[in-house]
Structures are given as C-alpha cells and as structure tokens.
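These notes concern the structure reproduced below.
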Amino acid sequence: MPIAVVVIAIIVAVVAIGVAVFFLVRHLRRQHVAKVLEQREDDQVHYAFIINPSKPQANERRRQIKSFCESKGIKQIEFIDTQLDKDGRACALEALGHGADVVVAVGGDGTVRTVASAMSGSGHAMGILPIGTGNLFARNLNIPVDDFEAALTIATSHGSRKVDVGRLSLLDDPNEDHPHAFMIIGGVGFDAQMIEETDPQLKKNISWLAYFVSGAKNLFTPKFKADVTVTDAHGNTHTVDGLVFRTFMAGNCGEIPVFSLMPSASYDDGLLDFEIIDTTGGLLGWANLFNDVVHQTITKKPQQSPLSTNSTIEQMQGVSAEIKLEKSALAEVDGDMLGRTRHILITVDRQSLTVRAPESDPAKASAAAPASTSAPGTASVSTAAPVTVPASAPTSVPQSESGSAPKSPSVRASAPATAPATAPDNSNLNQSR
C-alpha cells in the first residue's frame with residue numbers, strides 16, 4: 001500500500017477521534033454555561049449591536065435581539081450594519097459617539113476583531129454574538145456558538161473579562177493608518193496562503209474544514225526567508241537573520257476546533273505566542289507536522305512529538321516581533337487577508353479590552369494562575385517551550401527555528417539598557433550572552 005494512502009488514512013482516523021472529543025467537550029461546556037447564566041444579572045444600559053448583514057441569518061438574529069431585549073426590559077438599543085466601506089471598527093466608533101455603553105459584535109471572527117480594534121482601550125464593554133463559521137475567539141472565551149439566546153444573555157448581563165488584543169502593522173504600506181487587531185492569530189506565509197485560497201462557498205458548507213482543502217493545495221509552495229526579531233517579556237531582543245520557514249504566526253489564543261495550535265497561549269497574560277513552522281521531505285514532513293499538532297493537543301504542552309523527523313515547530317513568548325521578508329508574502333489576521341507585505345511589526349495591548357463572557361474554564365484558570373504575579377502594567381514570565389540549540393551550533397546561539405535554515409544565518413541577541421531590579425528567571429528563553 002502506498003505510503004501516501006497510509007498517511008491519509010491515519011490523518012482521517014485521528015481527525016474522526018478529535019471530532020468526537022470536540023463534541024463531548026462542547027456538551028460539557030454547554031452544561032457549565034447553563035449554570036453560569038443562572039447567576040448573571042441583567043444590565044439595563046445603552047446597547048449598540050454591530051451586525052454583519054452578509055451573514056445568512058443576520059435578519060433573523062436582528063429580530064431575535066429585538067424580541068429578547070423587549071422581554072428583558074432593555075429599551076436603549078440601536079443597530080449599525082457593517083458595509084464594504086465601513087467595517088466593524090468604524091461602526092463601533094460611531095456607536096461610542098452615540099453614547100453606547102456596551103457595543104456588541106454580531107458576526108464572525110472578522111466582525112469581532114474589527115469591533116475589538118475600536119473597543120480596545122475605550123473603557124467600555126464589548127459583547128459577542130457569534131453567527132460566523134469559525135467563531136474561534138468566542139469558543140476560546142466559552143461563549144456559546146450554537147445557542148444564540150444564551151450568548152445574548154451573556155452579552156446583556158453583568159460579568160466581564162479583561163483580554164489582550166494583538167496588533168499587526170504593515171510597515172511598508174503607506175496607506176495604512178492603524179495597526180490591524182487580532183484576537184486569535186495573525187501570521188504570514190503558508191497560513192495566509194491557505195486562507196486566501198479557501199473557497200467561500202465551501203467554507204459556508206463545511207465551515208472551518210474548508211481550510212484543510214485549501215491547505216492541501218499549498219503543501220509544496222516555496223518557503224519564506226526573513227530577518228526576525230522577537231522582544232521577550234523582559235525587553236531582551238532575539239534576532240535571527242536569514243530565517244527560512246513555512247509560516248510565522250503570533251497567537252493571542254491557540255485553541256481551534258479539535259486541535260491546539262499554541263497550548264501555552266493565553267488571551268490575558270500580556271504576551272503573544274510566536275510559532276515558526278517548517279517542514280522538509282515533502283509529504284512526510286507535513287505528516288510529521290500533523291503528528292506534532294496532535295501530540296501537543298493531547299499533552300497541552302508546546303512541544304513536538306518525539307517521533308518527528310521532518311518538521312519543526314519552534315515556539316516562544318514575547319511582547320513584539322518584527323519580520324523583514326526577503327520577498328513579499330501574504331499576511332492575515334483572524335482569517336482576514338491584509339495583502340502582500342515585506343515588513344511587519346506585531347505587538348500586544350495587555351488586557352486592554354473588556355469582554356462580556358462567562359467565567360473561564362476552572363482548569364485553565366488554575367493552570368494560568370502562577371504565570372504572573374506582576375502588577376497590571378508589567379509583563380509576565382514566558383512559559384513557552386525553549387527554542388532548542390542544534391548540536392552543531394555554539395551553545396550561546398539559538399537554533400534558527402527551521403529544519404532547512406540557510407547555511408550560515410546570523411543570530412543576535414541584546415538585553416535592555418536597564419535590567420529590572422528583580423528580573424525573573426530567563427532560563428526558558430535562549431539568548432547569547
């Protein structure tokens with residue numbers, strides 16, 4: 001039997017098991033949310049609902065919102081529709097100008113991220129009513145994606161969380177007037193190509209699974225080469241010149257349906273998780289990469305499978321990353337395309353957004369608690385897996401994060417001008433001394 005058939009059969013079996021686990025987890029979350037809703041109190045304030053009218057169920061959801069608010073005695077509501085020349089950010093700014101106390105995004109991840117772009121730092125709460133295909137940020141916050149009335153209850157009642165907002169700037173685009181917000185993942189390379197070529201109709205029919213179809217078409221496209229500089233939680237910079245990779249991603253949260261792309265990513269720790277992915281050996285490398293993702297999904301740790309031979313997933317945490325590409329490449333934020341670029345800056349706004357949400361999963365909350373004991377204005381300690389050093393490299397030089405790096409990449413690291421008086425342990429971040 002050809003190896004390709006065996007690999008595909010294994011992947012299909014793993015996906016099937018993953019889907020079964022996904023539905024079980026979703027059922028348990030429903031029960032948890034139901035208990036939470038019983039304890040929430042209505043908030044009688046001015047609500048603005050930002051609706052994406054392109055969604056098939058938009059009109060029905062509008063009627064549902066009106067009926068729900070009437071039943072709850074909520075009288076101050078308004079609806080603002082997004083348009084081709086008026087995205088969620090512009091609509092949210094308009095709503096705030098009208099005196100809205102809470103602005104609610106009614107749509108998919110694109111609507112959520114653009115509304116969040118304006119709400120970040122405003123001091124006003126944001127609600128989320130998911131009616132998209134992925135709804136990944138809503139899922140990460142445990143906001144129901146298949147119970148609209150439950151989501152409405154959460155959006156219009158007391159109970160919020162402070163979350164981080166990622167920002168991606170195209171530094172070589174003279175027409176850019178603001179950085180692009182992302183709540184889940186922003187990236188450049190393979191992930192953006194995959195999103196760009198996803199069939200919209202197929203996405204409507206099979207939801208997020210359509211990305212896998214598009215991904216298969218781009219398995220053997222050329223790799224990317226760039227100079228990458230990451231600034232960690234303590235202000236130290238780590239630079240790799242001539243880094244070769246398939247994709248570079250920055251994650252605010254890393255859970256997608258079935259899989260975990262970045263197990264250490266947390267939407268409220270003031271850090272982004274940077275992930276650099278590469279493969280070699282054709283289909284074998286991609287099969288190894290899939291095995292790596294399954295491995296970290298099961299272990300909940302940002303580490304590769306011990307069986308991997310032709311793939312690399314390098315992960316570290318930081319507060320910013322600058323990428324200077326040798327050739328232009330496509331960039332994306334939360335599934336929205338930003339076009340081609342050669343120079344990117346990625347940053348994070350720590351806990352700048354207030355979101356109406358149910359309480360977090362207790363297991364996640366307890367696991368995240370020790371990550372930081374610093375004041376709200378300071379960054380927490382990185383907990384991602386360290387970037388490993390190849391045997392052939394000097395011990396003071398981090399690996400180039402790629403299985404097929406250029407012959408002699410230049411690696412640099414520098415410390416901030418003034419180190420903190422009580423600097424946390426940096427042992428999990430590789431840097432030359």
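All residue names refer to the structure tokens as shown: chains lettered A, B, ... in order, residues numbered from 1 in each chain, ligands numbered from 1 in order.
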Hey, which bits of region 281-364 of chain A sit within 8 Å of region 127-131 of chain A, and for each residue what's the closest pair of atoms and how far apart in Å (one decimal), counting only C-alpha atoms, rows by chain and increasing number, as a tab-separated table?
residue	atom	partner	partner_atom	distance
A:Val355	CA	A:Gly127	CA	5.8
A:Arg356	CA	A:Gly127	CA	5.1
A:Ala357	CA	A:Gly127	CA	7.7
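Counting only C-alpha atoms, the residue from A:Cys253, A:Leu96, A:Ala125, A:Ala192 that sits nearest to Lys162 (chain A) is A:Ala125.
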Would you tabulate, counting only C-alpha atoms, all residues of region 104-143 of chain A that have an atom at most 10 Å from an atom of region 254-278 of chain A, showing the closest pair of atoms and their distance in Å to one decimal, sorted by chain then ascending number, as a Markdown table?
| residue | atom | partner | partner_atom | distance |
| --- | --- | --- | --- | --- |
| A:Gly134 | CA | A:Pro257 | CA | 8.3 |
| A:Asn135 | CA | A:Ile256 | CA | 9.3 |
| A:Leu136 | CA | A:Ile256 | CA | 6.2 |
| A:Phe137 | CA | A:Glu255 | CA | 8.7 |
| A:Arg139 | CA | A:Ile256 | CA | 8.1 |
| A:Asn140 | CA | A:Glu255 | CA | 6.5 |
| A:Leu141 | CA | A:Tyr267 | CA | 9.0 |
File dump, residues just selected, N, CA and C atoms, as a tab-separated table (two decimals), in the first residue's frame:
chain	number	residue	atom	x	y	z
A	134	GLY	N	-16.39	30.10	11.88
A	134	GLY	CA	-15.38	29.64	12.82
A	134	GLY	C	-15.68	30.04	14.24
A	135	ASN	N	-15.91	31.34	14.48
A	135	ASN	CA	-16.20	31.87	15.81
A	135	ASN	C	-15.15	31.42	16.84
A	136	LEU	N	-13.90	31.50	16.44
A	136	LEU	CA	-12.84	30.93	17.27
A	136	LEU	C	-12.63	31.69	18.57
A	137	PHE	N	-12.71	33.01	18.54
A	137	PHE	CA	-12.49	33.76	19.78
A	137	PHE	C	-13.63	33.50	20.77
A	139	ARG	N	-15.32	30.80	21.01
A	139	ARG	CA	-15.09	29.46	21.57
A	139	ARG	C	-14.04	29.50	22.67
A	140	ASN	N	-12.96	30.26	22.46
A	140	ASN	CA	-11.91	30.34	23.46
A	140	ASN	C	-12.40	30.99	24.75
A	141	LEU	N	-13.41	31.87	24.64
A	141	LEU	CA	-13.98	32.54	25.82
A	141	LEU	C	-15.16	31.78	26.42
| task | Run DSSP on the backbone and grab whatever in region 235-340 of chain A lands in strand (DSSP E); send it over as a ChimeraX atom specification. | result | /A:237-245,247-251,272-279,311-318,320-333,336-340
| Which residues come within 12 Å of Met119 (chain A), counting only C-alpha atoms, excluding same-chain residues fewer than 2 positions away, as JSON, numbers by chain? | {"A": [88, 89, 90, 91, 92, 93, 94, 95, 96, 97, 100, 101, 102, 103, 104, 105, 112, 113, 114, 115, 116, 117, 121, 122, 123, 124, 125, 126, 127, 162, 163, 164, 165, 181, 349, 351, 352, 353, 354, 355]}
If you keep C-alpha atoms, can you produce a file of those selected residues as a PDB file, in the first residue's frame?
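The result, stored in selection.pdb:
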ATOM      1  CA  GLY A  88     -16.724  46.903  12.439  1.00  0.00           C
ATOM      2  CA  ARG A  89     -14.111  49.342  13.711  1.00  0.00           C
ATOM      3  CA  ALA A  90     -15.834  52.314  12.043  1.00  0.00           C
ATOM      4  CA  CYS A  91     -19.238  51.101  13.253  1.00  0.00           C
ATOM      5  CA  ALA A  92     -18.017  50.704  16.833  1.00  0.00           C
ATOM      6  CA  LEU A  93     -16.517  54.196  16.844  1.00  0.00           C
ATOM      7  CA  GLU A  94     -19.859  55.503  15.576  1.00  0.00           C
ATOM      8  CA  ALA A  95     -21.691  53.638  18.342  1.00  0.00           C
ATOM      9  CA  LEU A  96     -19.403  55.071  21.007  1.00  0.00           C
ATOM     10  CA  GLY A  97     -20.054  58.507  19.538  1.00  0.00           C
ATOM     11  CA  ALA A 100     -23.373  53.398  23.697  1.00  0.00           C
ATOM     12  CA  ASP A 101     -22.315  51.787  26.983  1.00  0.00           C
ATOM     13  CA  VAL A 102     -21.859  48.296  25.533  1.00  0.00           C
ATOM     14  CA  VAL A 103     -21.054  47.525  21.891  1.00  0.00           C
ATOM     15  CA  VAL A 104     -21.961  44.018  20.706  1.00  0.00           C
ATOM     16  CA  ALA A 105     -20.368  42.390  17.654  1.00  0.00           C
ATOM     17  CA  VAL A 112     -15.367  40.574  16.294  1.00  0.00           C
ATOM     18  CA  ARG A 113     -11.778  41.604  15.629  1.00  0.00           C
ATOM     19  CA  THR A 114     -12.668  44.885  13.868  1.00  0.00           C
ATOM     20  CA  VAL A 115     -15.112  45.889  16.617  1.00  0.00           C
ATOM     21  CA  ALA A 116     -12.481  44.951  19.205  1.00  0.00           C
ATOM     22  CA  SER A 117      -9.991  47.192  17.415  1.00  0.00           C
ATOM     23  CA  GLY A 121      -8.721  50.921  25.485  1.00  0.00           C
ATOM     24  CA  SER A 122     -12.145  52.603  25.357  1.00  0.00           C
ATOM     25  CA  GLY A 123     -13.154  51.590  28.869  1.00  0.00           C
ATOM     26  CA  HIS A 124     -16.484  50.270  27.524  1.00  0.00           C
ATOM     27  CA  ALA A 125     -17.516  46.618  27.496  1.00  0.00           C
ATOM     28  CA  MET A 126     -17.893  44.598  24.306  1.00  0.00           C
ATOM     29  CA  GLY A 127     -20.300  41.727  23.745  1.00  0.00           C
ATOM     30  CA  LYS A 162     -10.136  41.732  30.560  1.00  0.00           C
ATOM     31  CA  VAL A 163      -8.367  40.335  27.484  1.00  0.00           C
ATOM     32  CA  ASP A 164      -5.338  41.183  25.370  1.00  0.00           C
ATOM     33  CA  VAL A 165      -5.533  42.486  21.802  1.00  0.00           C
ATOM     34  CA  ALA A 181      -6.201  43.999  15.572  1.00  0.00           C
ATOM     35  CA  ASP A 349      -2.083  45.555  24.084  1.00  0.00           C
ATOM     36  CA  GLN A 351      -5.769  43.465  28.943  1.00  0.00           C
ATOM     37  CA  SER A 352      -6.974  46.491  27.003  1.00  0.00           C
ATOM     38  CA  LEU A 353     -10.372  45.040  26.075  1.00  0.00           C
ATOM     39  CA  THR A 354     -13.327  44.282  28.365  1.00  0.00           C
ATOM     40  CA  VAL A 355     -15.497  41.447  27.020  1.00  0.00           C
TER      41      VAL A 355
END
| request: From region 180-399 of chain A, collect each residue whose DSSP state is helix (DSSP H, G or I) and return the set as a ChimeraX atom specification. | output: /A:190-196,200-217,283-299,362-371
| said: For Leu338 (chain A), find every residue with an atom within 10 Å (counting only C-alpha atoms), except residues of its own chain fewer than 5 positions away, and show them as a list of chain:residue names. | reply: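 That gives A:Leu168, A:Ser169, A:Leu170, A:His180, A:Val188, A:Ala192, A:Glu196, A:Leu330, A:Ala331, A:Glu332, A:Val333.
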Residues of the last selection are to be written out with N, CA and C atoms, as a short mmCIF file (atom, residue, chain, number, x, y, z; two decimals), in the first residue's frame.
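This is the output file again.cif:
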data_model
loop_
_atom_site.label_atom_id
_atom_site.label_comp_id
_atom_site.auth_asym_id
_atom_site.auth_seq_id
_atom_site.Cartn_x
_atom_site.Cartn_y
_atom_site.Cartn_z
N LEU A 168 -1.15 43.91 14.35
CA LEU A 168 -0.21 43.63 13.26
C LEU A 168 -0.17 44.84 12.33
N SER A 169 1.01 45.42 12.17
CA SER A 169 1.19 46.60 11.32
C SER A 169 1.98 46.25 10.07
N LEU A 170 1.50 46.71 8.92
CA LEU A 170 2.22 46.57 7.67
C LEU A 170 3.07 47.83 7.50
N HIS A 180 -3.63 46.52 12.53
CA HIS A 180 -4.79 45.64 12.44
C HIS A 180 -4.87 44.75 13.69
N VAL A 188 2.01 35.28 8.70
CA VAL A 188 2.48 35.50 7.34
C VAL A 188 3.05 34.18 6.81
N ALA A 192 -1.53 32.25 5.63
CA ALA A 192 -2.22 33.29 4.86
C ALA A 192 -2.57 32.79 3.46
N GLU A 196 -6.30 32.63 1.90
CA GLU A 196 -6.56 33.36 0.66
C GLU A 196 -7.24 32.48 -0.38
N LEU A 330 1.92 37.05 1.66
CA LEU A 330 0.59 37.37 2.16
C LEU A 330 0.56 37.35 3.69
N ALA A 331 -0.19 38.28 4.27
CA ALA A 331 -0.36 38.33 5.72
C ALA A 331 -1.86 38.29 6.03
N GLU A 332 -2.19 37.78 7.23
CA GLU A 332 -3.59 37.70 7.64
C GLU A 332 -3.73 37.91 9.13
N VAL A 333 -4.93 38.34 9.54
CA VAL A 333 -5.28 38.43 10.96
C VAL A 333 -6.67 37.83 11.14
#
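For the set A:Gln304, A:Ile346, A:Thr231, A:Arg61, the residue with the smallest atom-to-atom gap to Asp147 (chain A) is A:Arg61, counting only C-alpha atoms.
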| field | Pick from A:Asp292, A:Asp177, A:Asp191, A:Asp232 nearest to Arg246 (chain A), counting only C-alpha atoms | value |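 Selected residue with least distance to Arg246 (chain A): A:Asp191.
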| request: Using only C-alpha atoms, determine which residues lie at most 10 Å from Pro53 (chain A), disregarding the query and same-chain residues fewer than 6 positions distant; provide the list as a list in words. | output: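 My reading of the contact set: Asn59, Arg62, Ile80, Asp81, Thr82, Gln83, Val106 and Gly107 of chain A.
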Residues just named, written with all heavy atoms as a PDB file, in the first residue's frame:
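The file below, result.pdb, is the result:
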ATOM      1  N   ASN A  59     -30.716  38.798   9.434  1.00  0.00           N
ATOM      2  CA  ASN A  59     -32.048  39.387   9.647  1.00  0.00           C
ATOM      3  C   ASN A  59     -32.813  38.680  10.757  1.00  0.00           C
ATOM      4  O   ASN A  59     -33.477  39.322  11.583  1.00  0.00           O
ATOM      5  CB  ASN A  59     -32.858  39.366   8.350  1.00  0.00           C
ATOM      6  CG  ASN A  59     -32.320  40.350   7.333  1.00  0.00           C
ATOM      7  OD1 ASN A  59     -31.732  41.363   7.689  1.00  0.00           O
ATOM      8  ND2 ASN A  59     -32.517  40.057   6.050  1.00  0.00           N
ATOM      9  N   ARG A  62     -31.407  39.706  14.047  1.00  0.00           N
ATOM     10  CA  ARG A  62     -31.818  41.068  14.394  1.00  0.00           C
ATOM     11  C   ARG A  62     -33.190  41.040  15.085  1.00  0.00           C
ATOM     12  O   ARG A  62     -33.409  41.704  16.104  1.00  0.00           O
ATOM     13  CB  ARG A  62     -31.871  41.936  13.138  1.00  0.00           C
ATOM     14  CG  ARG A  62     -32.010  43.442  13.418  1.00  0.00           C
ATOM     15  CD  ARG A  62     -32.334  44.180  12.133  1.00  0.00           C
ATOM     16  NE  ARG A  62     -31.385  43.874  11.082  1.00  0.00           N
ATOM     17  CZ  ARG A  62     -30.290  44.574  10.813  1.00  0.00           C
ATOM     18  NH1 ARG A  62     -30.015  45.649  11.534  1.00  0.00           N
ATOM     19  NH2 ARG A  62     -29.484  44.219   9.827  1.00  0.00           N
ATOM     20  N   ILE A  80     -26.293  48.926  13.976  1.00  0.00           N
ATOM     21  CA  ILE A  80     -25.456  49.549  12.958  1.00  0.00           C
ATOM     22  C   ILE A  80     -24.886  48.429  12.082  1.00  0.00           C
ATOM     23  O   ILE A  80     -24.227  47.516  12.596  1.00  0.00           O
ATOM     24  CB  ILE A  80     -24.303  50.374  13.575  1.00  0.00           C
ATOM     25  CG1 ILE A  80     -24.856  51.440  14.526  1.00  0.00           C
ATOM     26  CG2 ILE A  80     -23.457  51.020  12.482  1.00  0.00           C
ATOM     27  CD1 ILE A  80     -23.770  52.235  15.251  1.00  0.00           C
ATOM     28  N   ASP A  81     -25.139  48.474  10.796  1.00  0.00           N
ATOM     29  CA  ASP A  81     -24.674  47.435   9.879  1.00  0.00           C
ATOM     30  C   ASP A  81     -23.303  47.758   9.314  1.00  0.00           C
ATOM     31  O   ASP A  81     -23.003  48.905   8.963  1.00  0.00           O
ATOM     32  CB  ASP A  81     -25.651  47.277   8.702  1.00  0.00           C
ATOM     33  CG  ASP A  81     -26.942  46.603   9.114  1.00  0.00           C
ATOM     34  OD1 ASP A  81     -27.097  46.285  10.306  1.00  0.00           O
ATOM     35  OD2 ASP A  81     -27.800  46.402   8.241  1.00  0.00           O
ATOM     36  N   THR A  82     -22.469  46.721   9.236  1.00  0.00           N
ATOM     37  CA  THR A  82     -21.193  46.902   8.555  1.00  0.00           C
ATOM     38  C   THR A  82     -21.448  46.960   7.047  1.00  0.00           C
ATOM     39  O   THR A  82     -22.449  46.425   6.556  1.00  0.00           O
ATOM     40  CB  THR A  82     -20.229  45.741   8.847  1.00  0.00           C
ATOM     41  OG1 THR A  82     -20.804  44.512   8.389  1.00  0.00           O
ATOM     42  CG2 THR A  82     -19.941  45.636  10.336  1.00  0.00           C
ATOM     43  N   GLN A  83     -20.571  47.627   6.332  1.00  0.00           N
ATOM     44  CA  GLN A  83     -20.692  47.753   4.883  1.00  0.00           C
ATOM     45  C   GLN A  83     -19.320  47.544   4.261  1.00  0.00           C
ATOM     46  O   GLN A  83     -18.313  47.444   4.962  1.00  0.00           O
ATOM     47  CB  GLN A  83     -21.243  49.143   4.519  1.00  0.00           C
ATOM     48  CG  GLN A  83     -22.602  49.446   5.124  1.00  0.00           C
ATOM     49  CD  GLN A  83     -22.998  50.909   4.978  1.00  0.00           C
ATOM     50  OE1 GLN A  83     -22.450  51.641   4.161  1.00  0.00           O
ATOM     51  NE2 GLN A  83     -23.949  51.348   5.791  1.00  0.00           N
ATOM     52  N   VAL A 106     -22.014  41.310  16.230  1.00  0.00           N
ATOM     53  CA  VAL A 106     -22.896  40.227  15.781  1.00  0.00           C
ATOM     54  C   VAL A 106     -22.368  39.758  14.430  1.00  0.00           C
ATOM     55  O   VAL A 106     -22.642  40.348  13.396  1.00  0.00           O
ATOM     56  CB  VAL A 106     -24.355  40.697  15.654  1.00  0.00           C
ATOM     57  CG1 VAL A 106     -25.275  39.510  15.380  1.00  0.00           C
ATOM     58  CG2 VAL A 106     -24.798  41.448  16.901  1.00  0.00           C
ATOM     59  N   GLY A 107     -21.588  38.696  14.447  1.00  0.00           N
ATOM     60  CA  GLY A 107     -20.980  38.220  13.212  1.00  0.00           C
ATOM     61  C   GLY A 107     -19.923  37.174  13.502  1.00  0.00           C
ATOM     62  O   GLY A 107     -19.925  36.546  14.565  1.00  0.00           O
TER      63      GLY A 107
END
| query | Could you work out how far CA of Ile313 (chain A) lies from CA of Leu345 (chain A), giving the answer in Å with one decimal? | reply |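 Interatomic distance here is 20.9 Å.
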| said: List the spatial neighbours of Ala210 (chain A) as number ranges by chain - criterion: any atom at most 10 Å away, only C-alpha atoms, same-chain residues fewer than 3 positions off excluded. | reply: A: 194-195, 197-207, 213-215
Saved selection, atoms kept: N, CA, C and O atoms, as an mmCIF file, in the first residue's frame:
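Heads up, here's the output in out13.cif:
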data_model
loop_
_atom_site.group_PDB
_atom_site.id
_atom_site.type_symbol
_atom_site.label_atom_id
_atom_site.label_comp_id
_atom_site.auth_asym_id
_atom_site.auth_seq_id
_atom_site.Cartn_x
_atom_site.Cartn_y
_atom_site.Cartn_z
ATOM 1 N N MET A 194 -3.198 29.725 2.631
ATOM 2 C CA MET A 194 -4.292 28.781 2.802
ATOM 3 C C MET A 194 -5.628 29.513 2.919
ATOM 4 O O MET A 194 -6.627 29.129 2.288
ATOM 5 N N ILE A 195 -5.643 30.587 3.703
ATOM 6 C CA ILE A 195 -6.877 31.357 3.893
ATOM 7 C C ILE A 195 -7.277 32.063 2.596
ATOM 8 O O ILE A 195 -8.450 32.094 2.226
ATOM 9 N N GLU A 197 -6.851 31.206 -0.448
ATOM 10 C CA GLU A 197 -7.361 30.321 -1.493
ATOM 11 C C GLU A 197 -8.516 29.439 -1.042
ATOM 12 O O GLU A 197 -8.928 28.532 -1.770
ATOM 13 N N THR A 198 -9.046 29.671 0.157
ATOM 14 C CA THR A 198 -10.196 28.896 0.616
ATOM 15 C C THR A 198 -11.453 29.325 -0.132
ATOM 16 O O THR A 198 -11.751 30.513 -0.236
ATOM 17 N N ASP A 199 -12.177 28.376 -0.654
ATOM 18 C CA ASP A 199 -13.404 28.635 -1.405
ATOM 19 C C ASP A 199 -14.497 29.127 -0.442
ATOM 20 O O ASP A 199 -14.889 28.400 0.476
ATOM 21 N N PRO A 200 -15.007 30.355 -0.625
ATOM 22 C CA PRO A 200 -16.036 30.898 0.281
ATOM 23 C C PRO A 200 -17.282 30.019 0.364
ATOM 24 O O PRO A 200 -17.863 29.854 1.443
ATOM 25 N N GLN A 201 -17.680 29.462 -0.773
ATOM 26 C CA GLN A 201 -18.878 28.618 -0.774
ATOM 27 C C GLN A 201 -18.631 27.331 0.001
ATOM 28 O O GLN A 201 -19.492 26.854 0.759
ATOM 29 N N LEU A 202 -17.437 26.766 -0.176
ATOM 30 C CA LEU A 202 -17.092 25.550 0.563
ATOM 31 C C LEU A 202 -17.040 25.841 2.058
ATOM 32 O O LEU A 202 -17.448 25.020 2.879
ATOM 33 N N LYS A 203 -16.556 27.029 2.415
ATOM 34 C CA LYS A 203 -16.499 27.417 3.822
ATOM 35 C C LYS A 203 -17.902 27.515 4.412
ATOM 36 O O LYS A 203 -18.130 27.148 5.572
ATOM 37 N N LYS A 204 -18.863 28.010 3.621
ATOM 38 C CA LYS A 204 -20.244 28.080 4.097
ATOM 39 C C LYS A 204 -20.817 26.690 4.319
ATOM 40 O O LYS A 204 -21.615 26.463 5.230
ATOM 41 N N ASN A 205 -20.389 25.741 3.456
ATOM 42 C CA ASN A 205 -20.958 24.390 3.509
ATOM 43 C C ASN A 205 -20.345 23.525 4.604
ATOM 44 O O ASN A 205 -21.056 22.774 5.280
ATOM 45 N N ILE A 206 -19.024 23.610 4.780
ATOM 46 C CA ILE A 206 -18.371 22.705 5.738
ATOM 47 C C ILE A 206 -17.585 23.452 6.816
ATOM 48 O O ILE A 206 -16.749 22.875 7.501
ATOM 49 N N SER A 207 -17.843 24.765 6.923
ATOM 50 C CA SER A 207 -17.249 25.584 7.978
ATOM 51 C C SER A 207 -15.720 25.568 7.897
ATOM 52 O O SER A 207 -15.146 25.554 6.818
ATOM 53 N N VAL A 213 -8.866 21.809 2.923
ATOM 54 C CA VAL A 213 -8.880 21.594 1.477
ATOM 55 C C VAL A 213 -7.921 22.562 0.800
ATOM 56 O O VAL A 213 -7.119 22.182 -0.064
ATOM 57 N N SER A 214 -7.996 23.819 1.192
ATOM 58 C CA SER A 214 -7.099 24.829 0.631
ATOM 59 C C SER A 214 -5.654 24.556 1.026
ATOM 60 O O SER A 214 -4.730 24.726 0.223
ATOM 61 N N GLY A 215 -5.449 24.112 2.259
ATOM 62 C CA GLY A 215 -4.097 23.825 2.720
ATOM 63 C C GLY A 215 -3.422 22.752 1.900
ATOM 64 O O GLY A 215 -2.220 22.830 1.613
#
| message | Could you list, as number ranges by chain, every residue within 10 Å of region 64-69 of chain A, counting only C-alpha atoms and ignoring same-chain residues fewer than 2 positions away? | response | A: 44, 47, 49, 58-62, 71-79, 129, 148-149, 152-153, 156
Keeping only N, CA and C atoms, write the selected residues as a short mmCIF file (atom, residue, chain, number, x, y, z; two decimals), in the first residue's frame.
data_model
loop_
_atom_site.label_atom_id
_atom_site.label_comp_id
_atom_site.auth_asym_id
_atom_site.auth_seq_id
_atom_site.Cartn_x
_atom_site.Cartn_y
_atom_site.Cartn_z
N GLN A 44 -29.14 47.08 32.49
CA GLN A 44 -30.03 47.98 31.74
C GLN A 44 -29.28 49.23 31.30
N TYR A 47 -27.22 49.75 24.51
CA TYR A 47 -26.51 48.74 23.72
C TYR A 47 -26.51 49.12 22.24
N PHE A 49 -25.65 47.20 18.64
CA PHE A 49 -25.37 45.91 18.02
C PHE A 49 -24.80 46.15 16.63
N ALA A 58 -28.51 36.92 9.46
CA ALA A 58 -28.42 38.25 10.07
C ALA A 58 -29.80 38.84 10.38
N ASN A 59 -30.72 38.80 9.43
CA ASN A 59 -32.05 39.39 9.65
C ASN A 59 -32.81 38.68 10.76
N GLU A 60 -32.72 37.35 10.77
CA GLU A 60 -33.41 36.60 11.81
C GLU A 60 -32.82 36.93 13.18
N ARG A 61 -31.50 37.05 13.25
CA ARG A 61 -30.86 37.38 14.53
C ARG A 61 -31.23 38.79 14.99
N ARG A 62 -31.41 39.71 14.05
CA ARG A 62 -31.82 41.07 14.39
C ARG A 62 -33.19 41.04 15.09
N SER A 71 -38.27 41.61 26.03
CA SER A 71 -38.64 40.72 27.13
C SER A 71 -37.86 41.02 28.40
N LYS A 72 -36.65 41.57 28.25
CA LYS A 72 -35.81 41.88 29.40
C LYS A 72 -35.97 43.34 29.86
N GLY A 73 -36.77 44.10 29.15
CA GLY A 73 -36.96 45.50 29.51
C GLY A 73 -35.80 46.39 29.13
N ILE A 74 -34.97 45.94 28.21
CA ILE A 74 -33.84 46.76 27.74
C ILE A 74 -34.35 47.65 26.62
N LYS A 75 -34.39 48.95 26.86
CA LYS A 75 -35.04 49.87 25.92
C LYS A 75 -34.07 50.66 25.05
N GLN A 76 -32.86 50.86 25.51
CA GLN A 76 -31.88 51.63 24.73
C GLN A 76 -31.04 50.70 23.86
N ILE A 77 -31.50 50.45 22.64
CA ILE A 77 -30.72 49.62 21.72
C ILE A 77 -30.69 50.29 20.34
N GLU A 78 -29.62 50.04 19.63
CA GLU A 78 -29.52 50.51 18.25
C GLU A 78 -28.75 49.47 17.43
N PHE A 79 -28.99 49.47 16.12
CA PHE A 79 -28.32 48.54 15.22
C PHE A 79 -27.53 49.33 14.19
N LEU A 129 -21.88 38.12 19.82
CA LEU A 129 -22.95 37.21 19.40
C LEU A 129 -22.46 36.51 18.14
N PHE A 148 -27.92 30.95 20.57
CA PHE A 148 -27.91 32.40 20.41
C PHE A 148 -28.50 33.11 21.61
N GLU A 149 -29.55 32.57 22.21
CA GLU A 149 -30.16 33.24 23.36
C GLU A 149 -29.23 33.23 24.56
N LEU A 152 -26.78 35.91 23.97
CA LEU A 152 -27.44 37.19 24.20
C LEU A 152 -27.51 37.49 25.70
N THR A 153 -27.82 36.50 26.47
CA THR A 153 -27.89 36.67 27.92
C THR A 153 -26.54 37.12 28.48
N THR A 156 -25.70 40.83 27.54
CA THR A 156 -26.53 41.88 28.14
C THR A 156 -26.64 41.76 29.66
#
| task | Give the answer as one residue: which of A:Glu322, A:Asp146, A:Asp334, A:Glu314 has the shortest atom-to-atom distance to Phe182 (chain A), using only C-alpha atoms? | result |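 For Phe182 (chain A), the nearest of the given residues is A:Asp334.
Taking CA of His158 (chain A) and CA of Asp109 (chain A) as endpoints, the distance between them is 22.9 Å.
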| Nearest to Thr341 (chain A), chosen from A:Asn291, A:Thr279, A:Ser120, A:Ser328, with only C-alpha atoms counted in the distances |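 When distances to Thr341 (chain A) are compared using only C-alpha atoms, the smallest one comes from A:Ser328.
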| message | My list of candidates is A:Lys327, A:Asn252, A:Val145, A:Ile185. Which is closest to Lys225 (chain A) when distances are computed with only C-alpha atoms? | response | A:Lys327
| message | Between CA of Lys223 (chain A) and CA of Thr247 (chain A), what is the distance in Å, rounded to a tenth? | response |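 One can read the CA of Lys223 (chain A) to CA of Thr247 (chain A) distance as 8.1 Å.
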